[in-house]
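Structure data follow from input_26.csv (CSV, C-alpha atoms):
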chain,number,residue,atom,x,y,z
A,11,MET,CA,21.8,0.7,45.5
A,12,LYS,CA,19.7,3.2,43.8
A,13,PHE,CA,16.1,3.4,42.5
A,14,GLY,CA,15.0,5.8,39.8
A,15,VAL,CA,11.3,6.9,39.5
A,16,VAL,CA,10.2,8.2,36.1
A,17,THR,CA,7.9,11.3,36.1
A,18,PHE,CA,5.8,11.8,33.0
A,19,PRO,CA,3.4,14.7,32.6
A,20,GLY,CA,0.3,13.2,34.2
A,21,SER,CA,2.1,10.8,36.6
A,22,ASN,CA,0.5,10.9,40.0
A,23,CYS,CA,2.1,8.1,41.9
A,24,ASP,CA,5.7,9.1,41.4
A,25,TYR,CA,5.9,10.7,44.8
A,26,ASP,CA,4.3,7.7,46.4
A,27,ALA,CA,7.0,5.5,44.9
A,28,TYR,CA,9.7,7.9,45.9
A,29,ALA,CA,8.5,8.1,49.5
A,30,ALA,CA,8.2,4.3,49.8
A,31,VAL,CA,11.8,3.9,48.7
A,32,ARG,CA,13.3,6.9,50.4
A,33,HIS,CA,11.4,7.3,53.6
A,34,VAL,CA,10.2,3.8,54.4
A,35,MET,CA,13.0,1.6,52.9
A,36,LYS,CA,15.7,4.3,53.5
A,37,GLU,CA,17.2,3.6,50.1
A,38,GLU,CA,18.6,6.1,47.6
A,39,VAL,CA,16.2,7.3,44.9
A,40,GLU,CA,16.0,9.9,42.2
A,41,PHE,CA,13.2,11.3,40.0
A,42,LEU,CA,13.9,10.8,36.3
A,43,TRP,CA,12.2,13.4,34.1
A,44,HIS,CA,10.4,12.1,30.9
A,45,LYS,CA,12.6,14.2,28.6
A,46,SER,CA,15.8,13.0,30.1
A,47,GLU,CA,17.9,10.4,28.4
A,48,ASP,CA,19.8,9.6,31.6
A,49,LEU,CA,18.8,6.9,34.1
A,50,GLY,CA,21.1,8.5,36.7
A,51,GLY,CA,22.9,5.2,37.5
A,52,SER,CA,19.7,3.6,38.8
A,53,ASP,CA,19.9,-0.1,39.6
A,54,VAL,CA,16.1,-0.3,39.5
A,55,VAL,CA,13.7,1.9,37.4
A,56,ILE,CA,10.1,2.3,38.5
A,57,LEU,CA,7.5,3.5,36.0
A,58,PRO,CA,4.8,4.8,38.3
A,59,GLY,CA,1.1,5.0,38.2
A,60,GLY,CA,-0.9,7.9,36.8
A,61,PHE,CA,-2.2,9.2,33.5
A,62,SER,CA,0.9,9.8,31.4
A,63,TYR,CA,0.2,12.3,28.6
A,64,GLY,CA,-3.5,12.3,29.7
A,65,ASP,CA,-4.0,8.7,28.7
A,66,TYR,CA,-4.6,10.1,25.2
A,67,LEU,CA,-5.0,7.5,22.4
A,68,ARG,CA,-4.5,4.5,24.8
A,69,ALA,CA,-3.1,4.4,28.3
A,70,GLY,CA,0.7,4.3,27.9
A,71,ALA,CA,0.7,4.7,24.1
A,72,ILE,CA,2.3,8.1,24.0
A,73,ALA,CA,4.7,7.6,27.0
A,74,ARG,CA,6.2,4.7,25.1
A,75,PHE,CA,7.9,7.1,22.7
A,76,SER,CA,9.3,9.5,25.3
A,77,PRO,CA,13.1,9.9,25.6
A,78,ILE,CA,13.3,8.3,29.0
A,79,VAL,CA,11.4,5.3,27.9
A,80,ARG,CA,13.7,4.7,25.0
A,81,GLN,CA,16.5,4.5,27.7
A,82,VAL,CA,14.4,2.3,29.9
A,83,ILE,CA,13.9,-0.1,27.0
A,84,ARG,CA,17.6,-0.2,26.4
A,85,PHE,CA,18.2,-0.7,30.1
A,86,ALA,CA,15.7,-3.6,30.3
A,87,ARG,CA,17.0,-5.3,27.2
A,88,SER,CA,20.5,-5.4,28.8
A,89,GLY,CA,19.1,-7.0,32.0
A,90,GLY,CA,18.2,-3.9,34.0
A,91,ILE,CA,15.4,-4.2,36.6
A,92,VAL,CA,12.2,-2.4,35.7
A,93,ILE,CA,9.0,-2.3,37.6
A,94,GLY,CA,5.8,-0.9,36.0
A,95,ILE,CA,3.0,-0.1,38.3
A,96,CYS,CA,-0.5,0.6,37.0
A,97,ASN,CA,0.1,3.2,34.2
A,98,GLY,CA,3.7,1.9,34.3
A,99,PHE,CA,2.4,-1.6,33.5
A,100,GLN,CA,0.4,-0.2,30.6
A,101,ILE,CA,3.5,1.5,29.2
A,102,LEU,CA,5.5,-1.7,29.5
A,103,THR,CA,2.9,-3.6,27.4
A,104,GLU,CA,2.7,-0.7,24.9
A,105,CYS,CA,6.4,-0.7,24.4
A,106,GLY,CA,6.7,-4.4,24.1
A,107,LEU,CA,8.8,-5.1,27.1
A,108,LEU,CA,5.9,-7.2,28.4
A,109,PRO,CA,3.4,-9.2,26.4
A,110,GLY,CA,-0.4,-8.5,26.1
A,111,ALA,CA,-2.5,-5.4,26.5
A,112,LEU,CA,-4.5,-3.6,29.2
A,113,MET,CA,-8.0,-2.8,28.1
A,114,ARG,CA,-10.9,-0.9,29.6
A,115,ASN,CA,-12.2,-2.6,32.8
A,116,ALA,CA,-14.9,-5.0,31.7
A,117,HIS,CA,-17.6,-3.1,33.8
A,118,LEU,CA,-16.3,0.2,32.5
A,119,ARG,CA,-15.9,1.7,35.9
A,120,PHE,CA,-12.8,3.2,37.5
A,121,CYS,CA,-12.0,0.9,40.4
A,122,CYS,CA,-10.3,2.1,43.6
A,123,LYS,CA,-10.1,-0.3,46.5
A,124,HIS,CA,-7.9,-2.8,48.4
A,125,VAL,CA,-7.7,-6.2,46.7
A,126,TYR,CA,-6.1,-9.5,47.6
A,127,LEU,CA,-3.3,-10.9,45.4
A,128,ARG,CA,-2.0,-14.4,45.5
A,129,VAL,CA,1.7,-14.8,44.9
A,130,GLU,CA,1.8,-17.3,42.0
A,131,ASN,CA,5.6,-17.4,41.6
A,132,ASN,CA,7.9,-16.5,44.5
A,133,ALA,CA,11.1,-17.6,42.7
A,134,THR,CA,11.4,-14.1,41.2
A,135,ARG,CA,13.5,-11.1,42.3
A,136,PHE,CA,10.3,-9.3,42.9
A,137,THR,CA,8.7,-11.8,45.3
A,138,GLN,CA,11.5,-13.7,46.9
A,139,ALA,CA,10.5,-12.4,50.3
A,140,CYS,CA,7.0,-13.9,49.9
A,141,ALA,CA,5.8,-17.5,50.3
A,142,LYS,CA,4.4,-19.2,47.3
A,143,GLY,CA,0.6,-18.8,47.5
A,144,GLU,CA,0.9,-16.0,50.0
A,145,ILE,CA,-2.0,-13.5,50.0
A,146,LEU,CA,-1.1,-9.8,49.8
A,147,LYS,CA,-3.5,-7.0,50.5
A,148,ILE,CA,-2.6,-4.2,48.1
A,149,PRO,CA,-4.8,-1.4,46.6
A,150,ILE,CA,-5.8,-0.9,43.0
A,151,ALA,CA,-6.9,2.4,41.3
A,152,HIS,CA,-7.5,2.1,37.6
A,153,GLY,CA,-9.9,2.2,34.7
A,154,ASP,CA,-7.9,0.3,32.2
A,155,GLY,CA,-6.6,-2.8,34.0
A,156,ASN,CA,-8.2,-5.6,32.1
A,157,TYR,CA,-5.3,-7.8,31.1
A,158,TYR,CA,-5.7,-9.5,27.7
A,159,HIS,CA,-3.7,-11.6,25.4
A,160,PHE,CA,-4.5,-14.4,22.9
A,161,SER,CA,-5.2,-17.7,24.6
A,162,GLU,CA,-2.1,-19.4,23.3
A,163,GLU,CA,0.0,-16.6,24.6
A,164,ILE,CA,-1.7,-16.7,28.0
A,165,GLY,CA,-0.8,-20.4,28.0
A,166,LYS,CA,2.8,-19.6,27.5
A,167,LEU,CA,2.8,-17.1,30.3
A,168,GLU,CA,1.2,-19.6,32.6
A,169,ASP,CA,3.6,-22.4,31.6
A,170,ASN,CA,6.7,-20.1,32.0
A,171,GLY,CA,5.7,-19.0,35.5
A,172,GLN,CA,5.4,-15.4,34.2
A,173,VAL,CA,2.1,-14.8,36.0
A,174,VAL,CA,3.4,-13.4,39.3
A,175,PHE,CA,0.2,-12.2,40.9
A,176,ARG,CA,-3.5,-13.1,40.6
A,177,TYR,CA,-6.6,-11.4,42.0
A,178,VAL,CA,-8.2,-13.7,44.6
A,179,ASP,CA,-10.6,-13.4,47.5
A,180,GLN,CA,-9.4,-12.9,51.1
A,181,ASP,CA,-9.0,-16.7,51.5
A,182,GLY,CA,-7.0,-17.0,48.3
A,183,ASN,CA,-9.7,-18.4,46.0
A,184,MET,CA,-9.6,-17.3,42.4
A,185,THR,CA,-13.2,-16.3,41.8
A,186,PRO,CA,-14.9,-14.1,39.2
A,187,GLU,CA,-16.0,-11.8,42.1
A,188,ALA,CA,-12.4,-11.2,43.2
A,189,ASN,CA,-11.5,-10.1,39.7
A,190,PRO,CA,-11.9,-6.3,39.7
A,191,ASN,CA,-11.5,-5.6,36.0
A,192,GLY,CA,-12.1,-8.7,33.8
A,193,SER,CA,-8.5,-9.7,33.4
A,194,VAL,CA,-7.9,-13.1,31.8
A,195,ASN,CA,-7.2,-15.8,34.4
A,196,ASN,CA,-7.5,-13.1,37.1
A,197,ILE,CA,-4.0,-11.9,36.1
A,198,ALA,CA,-2.8,-8.9,38.2
A,199,GLY,CA,0.9,-8.9,37.4
A,200,ILE,CA,3.3,-10.5,35.0
A,201,MET,CA,7.0,-10.5,34.3
A,202,ASN,CA,9.1,-11.1,31.2
A,203,VAL,CA,10.7,-14.4,30.4
A,204,GLU,CA,14.1,-13.1,31.6
A,205,GLY,CA,12.6,-12.1,35.0
A,206,ASN,CA,14.0,-8.6,35.1
A,207,VAL,CA,10.8,-6.7,34.1
A,208,LEU,CA,7.6,-6.7,36.2
A,209,GLY,CA,4.3,-5.1,35.5
A,210,MET,CA,1.4,-5.0,37.9
A,211,MET,CA,-1.9,-3.1,38.2
A,212,PRO,CA,-2.0,-3.0,42.0
A,213,HIS,CA,0.1,-0.4,43.8
A,214,PRO,CA,2.6,-1.9,46.2
A,215,GLU,CA,4.0,1.6,46.9
A,216,ARG,CA,0.6,2.5,48.5
A,217,ALA,CA,0.9,-0.4,51.0
A,218,VAL,CA,4.1,0.3,52.8
A,219,GLU,CA,2.9,1.7,56.2
A,220,GLN,CA,0.3,0.4,58.7
A,221,ILE,CA,-1.5,3.8,58.5
A,222,LEU,CA,-2.2,3.0,54.8
A,223,GLY,CA,-4.0,-0.2,55.7
A,224,SER,CA,-1.3,-2.6,54.7
A,225,THR,CA,2.4,-3.0,54.6
A,226,ASN,CA,2.4,-5.9,52.2
A,227,GLY,CA,3.7,-3.8,49.3
A,228,LEU,CA,7.0,-3.5,51.2
A,229,LYS,CA,7.7,-7.1,50.7
A,230,LEU,CA,7.9,-6.6,46.9
A,231,LEU,CA,10.1,-3.5,47.1
A,232,ALA,CA,12.4,-5.2,49.7
A,233,SER,CA,12.6,-8.3,47.5
A,234,VAL,CA,13.9,-6.2,44.6
A,235,ARG,CA,16.3,-4.3,46.9
A,236,ASP,CA,17.7,-7.6,48.3
A,237,SER,CA,18.0,-9.1,44.8
A,238,VAL,CA,20.4,-6.2,44.0
A,239,SER,CA,22.1,-6.0,47.3
A,240,SER,CA,22.5,-9.8,47.7
A,241,PRO,CA,22.4,-11.0,44.1
A,242,ALA,CA,22.8,-14.7,45.2
A,243,LEU,CA,19.2,-14.7,46.2
A,244,ALA,CA,17.9,-13.5,42.9
A,245,GLY,CA,15.6,-16.0,41.2
B,12,MET,CA,-5.7,22.9,1.1
B,13,SER,CA,-5.1,21.9,-2.6
B,14,ASN,CA,-1.5,21.2,-1.6
B,15,SER,CA,-2.5,18.3,0.6
B,16,GLN,CA,-4.0,14.9,0.5
B,17,LYS,CA,-6.1,13.2,3.1
B,18,ALA,CA,-6.4,9.8,4.6
B,19,VAL,CA,-8.7,8.4,7.2
B,20,VAL,CA,-7.6,5.6,9.5
B,21,TYR,CA,-10.2,3.5,11.2
B,22,VAL,CA,-9.1,1.5,14.3
B,23,ARG,CA,-11.3,-1.1,15.9
B,24,LEU,CA,-11.0,-4.0,18.3
B,25,LYS,CA,-10.3,-7.3,16.6
B,26,ASP,CA,-13.1,-9.8,16.3
B,27,GLY,CA,-13.3,-11.9,19.4
B,28,VAL,CA,-11.9,-9.2,21.7
B,29,LEU,CA,-14.6,-8.1,24.1
B,30,ASP,CA,-15.7,-4.5,23.6
B,31,PRO,CA,-17.3,-3.4,26.8
B,32,GLN,CA,-18.1,0.0,25.5
B,33,GLY,CA,-19.9,-1.4,22.5
B,34,VAL,CA,-21.9,-3.8,24.8
B,35,THR,CA,-22.9,-0.9,27.0
B,36,ILE,CA,-24.0,1.2,24.1
B,37,HIS,CA,-26.0,-1.7,22.8
B,38,LYS,CA,-27.7,-2.1,26.2
B,39,ALA,CA,-28.5,1.6,26.2
B,40,LEU,CA,-30.1,1.4,22.7
B,41,ALA,CA,-32.3,-1.4,24.0
B,42,GLN,CA,-33.3,0.7,27.0
B,43,MET,CA,-34.1,3.6,24.6
B,44,GLY,CA,-36.5,1.3,22.8
B,45,TYR,CA,-34.4,0.5,19.8
B,46,GLU,CA,-34.7,-3.3,19.5
B,47,ASP,CA,-33.3,-3.5,15.9
B,48,PHE,CA,-29.7,-3.6,16.7
B,49,ILE,CA,-28.1,-7.0,17.2
B,50,SER,CA,-24.8,-5.7,18.5
B,51,VAL,CA,-22.5,-2.6,18.6
B,52,ARG,CA,-18.8,-2.5,18.2
B,53,SER,CA,-17.0,0.8,19.0
B,54,GLY,CA,-13.9,2.2,17.4
B,55,ARG,CA,-12.2,5.4,16.5
B,56,PHE,CA,-10.9,7.2,13.4
B,57,PHE,CA,-8.1,9.6,12.6
B,58,GLU,CA,-8.1,12.1,9.8
B,59,LEU,CA,-4.6,12.6,8.5
B,60,GLU,CA,-3.8,15.7,6.4
B,61,ILE,CA,-0.7,14.8,4.4
B,62,LYS,CA,1.8,17.0,2.4
B,63,ALA,CA,1.1,16.7,-1.3
B,64,ASP,CA,4.7,15.9,-2.1
B,65,SER,CA,5.1,13.1,0.4
B,66,SER,CA,6.8,9.9,-0.9
B,67,ASP,CA,6.1,6.3,0.3
B,68,ILE,CA,3.0,7.7,2.1
B,69,ASP,CA,1.1,4.4,2.1
B,70,GLN,CA,4.0,2.7,3.8
B,71,LYS,CA,4.4,5.5,6.3
B,72,ILE,CA,0.7,5.4,7.2
B,73,ASN,CA,1.0,1.7,7.8
B,74,GLU,CA,4.0,2.3,10.0
B,75,ILE,CA,2.2,4.9,12.2
B,76,CYS,CA,-0.8,2.7,12.4
B,77,SER,CA,1.1,-0.3,13.7
B,78,LYS,CA,3.4,1.7,15.9
B,79,LEU,CA,1.0,4.2,17.4
B,80,LEU,CA,-2.5,4.6,16.2
B,81,ALA,CA,-3.5,0.9,16.8
B,82,ASN,CA,-2.3,-1.6,19.3
B,83,PRO,CA,-1.7,-4.8,17.2
B,84,VAL,CA,-2.4,-7.0,20.2
B,85,ILE,CA,-6.0,-6.1,20.4
B,86,GLU,CA,-6.8,-3.8,17.5
B,87,GLU,CA,-6.9,-3.8,13.7
B,88,TYR,CA,-7.0,-0.8,11.4
B,89,SER,CA,-8.0,0.1,7.8
B,90,VAL,CA,-7.0,3.1,5.8
B,91,GLU,CA,-9.1,5.1,3.4
B,92,LYS,CA,-7.3,7.5,1.1
B,93,LEU,CA,-9.2,10.6,0.1
B,94,GLN,CA,-8.4,13.0,-2.8
Now, as a test, write the supplied structure out as structure tokens.
Amino acid sequence: MKFGVVTFPGSNCDYDAYAAVRHVMKEEVEFLWHKSEDLGGSDVVILPGGFSYGDYLRAGAIARFSPIVRQVIRFARSGGIVIGICNGFQILTECGLLPGALMRNAHLRFCCKHVYLRVENNATRFTQACAKGEILKIPIAHGDGNYYHFSEEIGKLEDNGQVVFRYVDQDGNMTPEANPNGSVNNIAGIMNVEGNVLGMMPHPERAVEQILGSTNGLKLLASVRDSVSSPALAG
Amino acid sequence: MSNSQKAVVYVRLKDGVLDPQGVTIHKALAQMGYEDFISVRSGRFFELEIKADSSDIDQKINEICSKLLANPVIEEYSVEKLQ
């Protein structure tokens, strides 16, 4: 199977994602340039973190109209697997593949630290290697990660099991203190109704080796890999 | 310049959407001693210089506002045409 990692001007986690797939998971991976209209036969496309187009206007607002994202939208709408991490999540909400919006952190500060996530739904292709309620230690690094949507839309996300990850404390409790950015219901990651598009603010690709402080991110990447390699497992 | 028209687009967060920047500015005003201001909402504006012979320009401005300049999930916009 093959991963594709999109590089925009201003992406800065594209090499991290590439290294996690290539050097840690030993899977095939290719960089996809933002001006390209070819996904290179990728089974999974990763929109990485960073500051695409300088975060001008709103984070992800300009990237949405790049040639590669037009192809990513087409790919996703036909069932292709897409993962947006941090800036990639912002792009996915801007282009409408995921609902809601990511606003400035409520405290206005850029926040860079390890956080704890609770797996709210493990019946997904992104989390099938996790237990339900499992606590993952994964870093965040963002200034615009405050997930927002109208309350009735949040209700739908919750009812549909589209909330995949929530910020919690080390013991798994959903507290205001564990919420690093003001996100509604401590939401850290969501997927679309169809279950083929995931967006999350935390960086699983930065938690793939013990020297990085955690290997929990590998579970997510391995889940996706296995969902393609052994489709029977896919949720 | 006489061959162009101008419009200004104002983009602001919808009522009810928390504006942390506005809140912070409001706190700063209070710290500076200005107690007169009940609240502050921040926003941004865009000056558009438009070809004089453009057709359907109102519709096009609305399109660019909803597609790019504003995020309809959290923001609203208004347009002011200038001569």
Problem set entry | Nearest residue to Pro31 in chain B from the set B:Val51, B:Leu93, B:Pro83, B:Ser65 (distances using only C-alpha atoms) | B:Val51
For this session: Select, from A:Val54, A:Ile101, A:Ala116, A:Ala86, the residue with the minimum atom-to-atom distance to chain B, counting all atoms listed in the file.
Result: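 Under the stated criterion, the closest residue is A:Ala116.
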Exercise. Pick the closest to Gly33 in chain B from B:Gln70, B:Gln16, B:Ser50, B:Val90: which is it, counting all atoms listed in the file?
Worked result: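 Going through B:Gln70, B:Gln16, B:Ser50, B:Val90 one by one, the smallest distance to Gly33 in chain B is for B:Ser50.
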Problem set entry | Check: which chain B residues lie within 9 Å of chain A using all atoms listed in the file, as a PyMOL selection string | chain B and resi 28-32+35+79-82+84-85
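Between Leu24 in chain B and the residues B:Tyr88, B:Ile61, B:Lys38, B:Glu74, the shortest atom-to-atom distance, using only C-alpha atoms, involves B:Tyr88.
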Problem set entry | CA of Tyr177 in chain A to CA of Ala151 in chain A, distance in Å rounded to a single decimal | 13.8 Å
Problem set entry | Point-to-point distance from CA of Gly70 in chain A to CA of Thr137 in chain A, Å rounded to tenths |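 Computing the Euclidean distance for CA of Gly70 in chain A and CA of Thr137 in chain A yields 25.0 Å.
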Problem set entry | Residue with smallest distance to Asn22 in chain A - pool A:Thr185, A:Asn226, A:Thr134, A:Ser62, counting all atoms listed in the file |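 Once distances to Asn22 in chain A are computed over all atoms listed in the file, the minimum belongs to A:Ser62.
Separating CA of Cys122 in chain A from CA of Arg23 in chain B is a distance of 27.9 Å.
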Problem set entry | All residues 8 Å or closer to Val34 in chain A, all atoms listed in the file, same chain fewer than 3 positions away omitted, as JSON, numbers by chain | {"A": [29, 30, 31, 218, 219]}
Exercise. Which is closer to Gly27 in chain B than all the others in B:Ile72, B:Asp67, B:Leu59, B:Arg52, using only C-alpha atoms?
Worked result: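 Using only C-alpha atoms, the shortest distance to Gly27 in chain B belongs to B:Arg52.
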For this session: Identify the residues within 10 Å of coordinate (-5.9, 8.5, 33.2) (same frame as the file), considering all atoms listed in the file, and give the answer as a count of residues only.
Result: 19
For this session: List the neighbours of range 143-146 of chain A out to 9 Å using all atoms listed in the file; skip same-chain residues closer than 4 positions along the sequence, and give me the result as a list in words.
Result: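 Residues near the query, excluding close chain neighbours: Val125, Tyr126, Leu127, Arg128, Val129, Glu130, Asn131, Asn132, Val178, Asp179, Gln180, Asp181, Gly182, Ser224, Asn226 and Gly227 of chain A.
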Would you export the selected residues with C-alpha atoms as a tab-separated table (two decimals), keeping the file's coordinate frame, please?
chain	number	residue	atom	x	y	z
A	125	VAL	CA	-7.70	-6.20	46.70
A	126	TYR	CA	-6.10	-9.50	47.60
A	127	LEU	CA	-3.30	-10.90	45.40
A	128	ARG	CA	-2.00	-14.40	45.50
A	129	VAL	CA	1.70	-14.80	44.90
A	130	GLU	CA	1.80	-17.30	42.00
A	131	ASN	CA	5.60	-17.40	41.60
A	132	ASN	CA	7.90	-16.50	44.50
A	178	VAL	CA	-8.20	-13.70	44.60
A	179	ASP	CA	-10.60	-13.40	47.50
A	180	GLN	CA	-9.40	-12.90	51.10
A	181	ASP	CA	-9.00	-16.70	51.50
A	182	GLY	CA	-7.00	-17.00	48.30
A	224	SER	CA	-1.30	-2.60	54.70
A	226	ASN	CA	2.40	-5.90	52.20
A	227	GLY	CA	3.70	-3.80	49.30
Exercise. Near Asn14 in chain B, within 10 Å and counting all atoms listed in the file, which residues show up once chain neighbours fewer than 3 positions away are dropped, as a count of residues only?
Worked result: 5
